[in-house]
Amino acid sequence: MAERFMERFLSVLLLWVCVPVLALAQTALPNSADPALEARVMVIAEELRCLVCQNETIAASHAELAVDLRQQIRSQLQQGRTAQEILDFMSQRYGDFVLYRPPWQSRTLLLWLGPFLLLAWAVWVVTRRLGARGRSTPAPLSPQEAARAAQLLSDRGQP
Amino acid sequence: MKRPWLPLAVFVVLLGFLGVGLTLKPRELPSALIDQPVPPFRLPVLAAPGQFVGPEDMRGQVWLLNVWASWCVACQVEHPVLMDFARAQRTPLLGLNYKDRPDEALRWLAQHGNPYQRSLADRDGRVGIELGVYGVPETYVIDRAGRIRYRHTGAVTPELLRDTLIPMIGRLNG
């Protein structure tokens, strides 16, 4: 009885493991017979944001628009367009938002330089603080403090 | 501590960023084609597949282009609004029937009513890509010179029509 249960359990487990693998195999199938072309399509698709599911690339997305845009990339590559021409084609229609690598423009200067500006500011603050700490001399002791210090020091030798 | 208010100030600034971030709508992207001419295309009319129409035929008038499909749920939501618009306004409203089967699209129009002067059938979605369509429904306002002046993504609401689209059409016509 237990054995049969085990057998069934294992076969169900096997199915569970296999089904996602089968599904993956399905999606990984290239849509054209030419694997080299397909690799180039994917390199470009990795650079593009899927506008339907905005945190995915067109390469990763299963949205219908992403499938269409991969097809668009494929046919443009077949027509001999360069990767840059295809990226330009996409950003002309969908805006710069479609590019995962934002272009270097006056509008994106802060985006590109912001982190370095922050870093420079942090370095400046830290060096200023450290410099101030090194230079400052402690305030002279008041007579009461001097007396207490002397007492503590003289106490040290005795048990 | 020399400046006890500093952490609070930083916190308030971050809170401000969060507040602004929450009011942004990342789903509503501005069209890259604002103030650009509508990409040229010619598509078969849904109800008369032998007849081809494109933006060139609309030159000289302000018109709306509404991207719709029978499989699109939000299109049913905006549909009564478009019907009201078609009844009340003389501005031509063209449909771009996006990645749809003509028989299903025609049945959908017969069932729900047809607000469109004409619907153009973009079966493979090519014209959609030219326009930068990324979600159905979308609505474009196009001026007399054939330039896209406004794009709305998602269902048209009565408020959008009243506060934005109709005033804009009035300005473009005036």
# chains A, B, ... in the order shown; residues from 1 in each chain; ligands from 1
call {"tool": "interface_residues", "arguments": {"of": "chain A", "to": "chain B", "cutoff": "7 Å", "atoms": "only C-alpha atoms", "output": "PyMOL selection string"}}
result
chain A and resi 51-52+65+92-95
call {"tool": "select_by_dssp", "arguments": {"residues": "segment 111-165 of chain B", "states": "strand (DSSP E)", "output": "ChimeraX atom specification"}}
result
/B:118-122,138-142,148-153
call {"tool": "atom_distance", "arguments": {"atom1": "atom CA of Met58 of chain B", "atom2": "atom CA of Gly146 of chain B"}}
result
7.5 Å
call {"tool": "residues_around", "arguments": {"residues": "His62 of chain A", "least_positions_apart": "2", "cutoff": "12 Å", "atoms": "only C-alpha atoms", "output": "PyMOL selection string"}}
result
chain A and resi 24+27-28+50-53+56-60+64-70
call {"tool": "residues_around", "arguments": {"residues": "Gln111 of chain B", "least_positions_apart": "6", "cutoff": "12 Å", "atoms": "only C-alpha atoms", "output": "list of chain:residue names"}}
result
B:Ser70, B:Gln76, B:His79, B:Glu104, B:Ala105
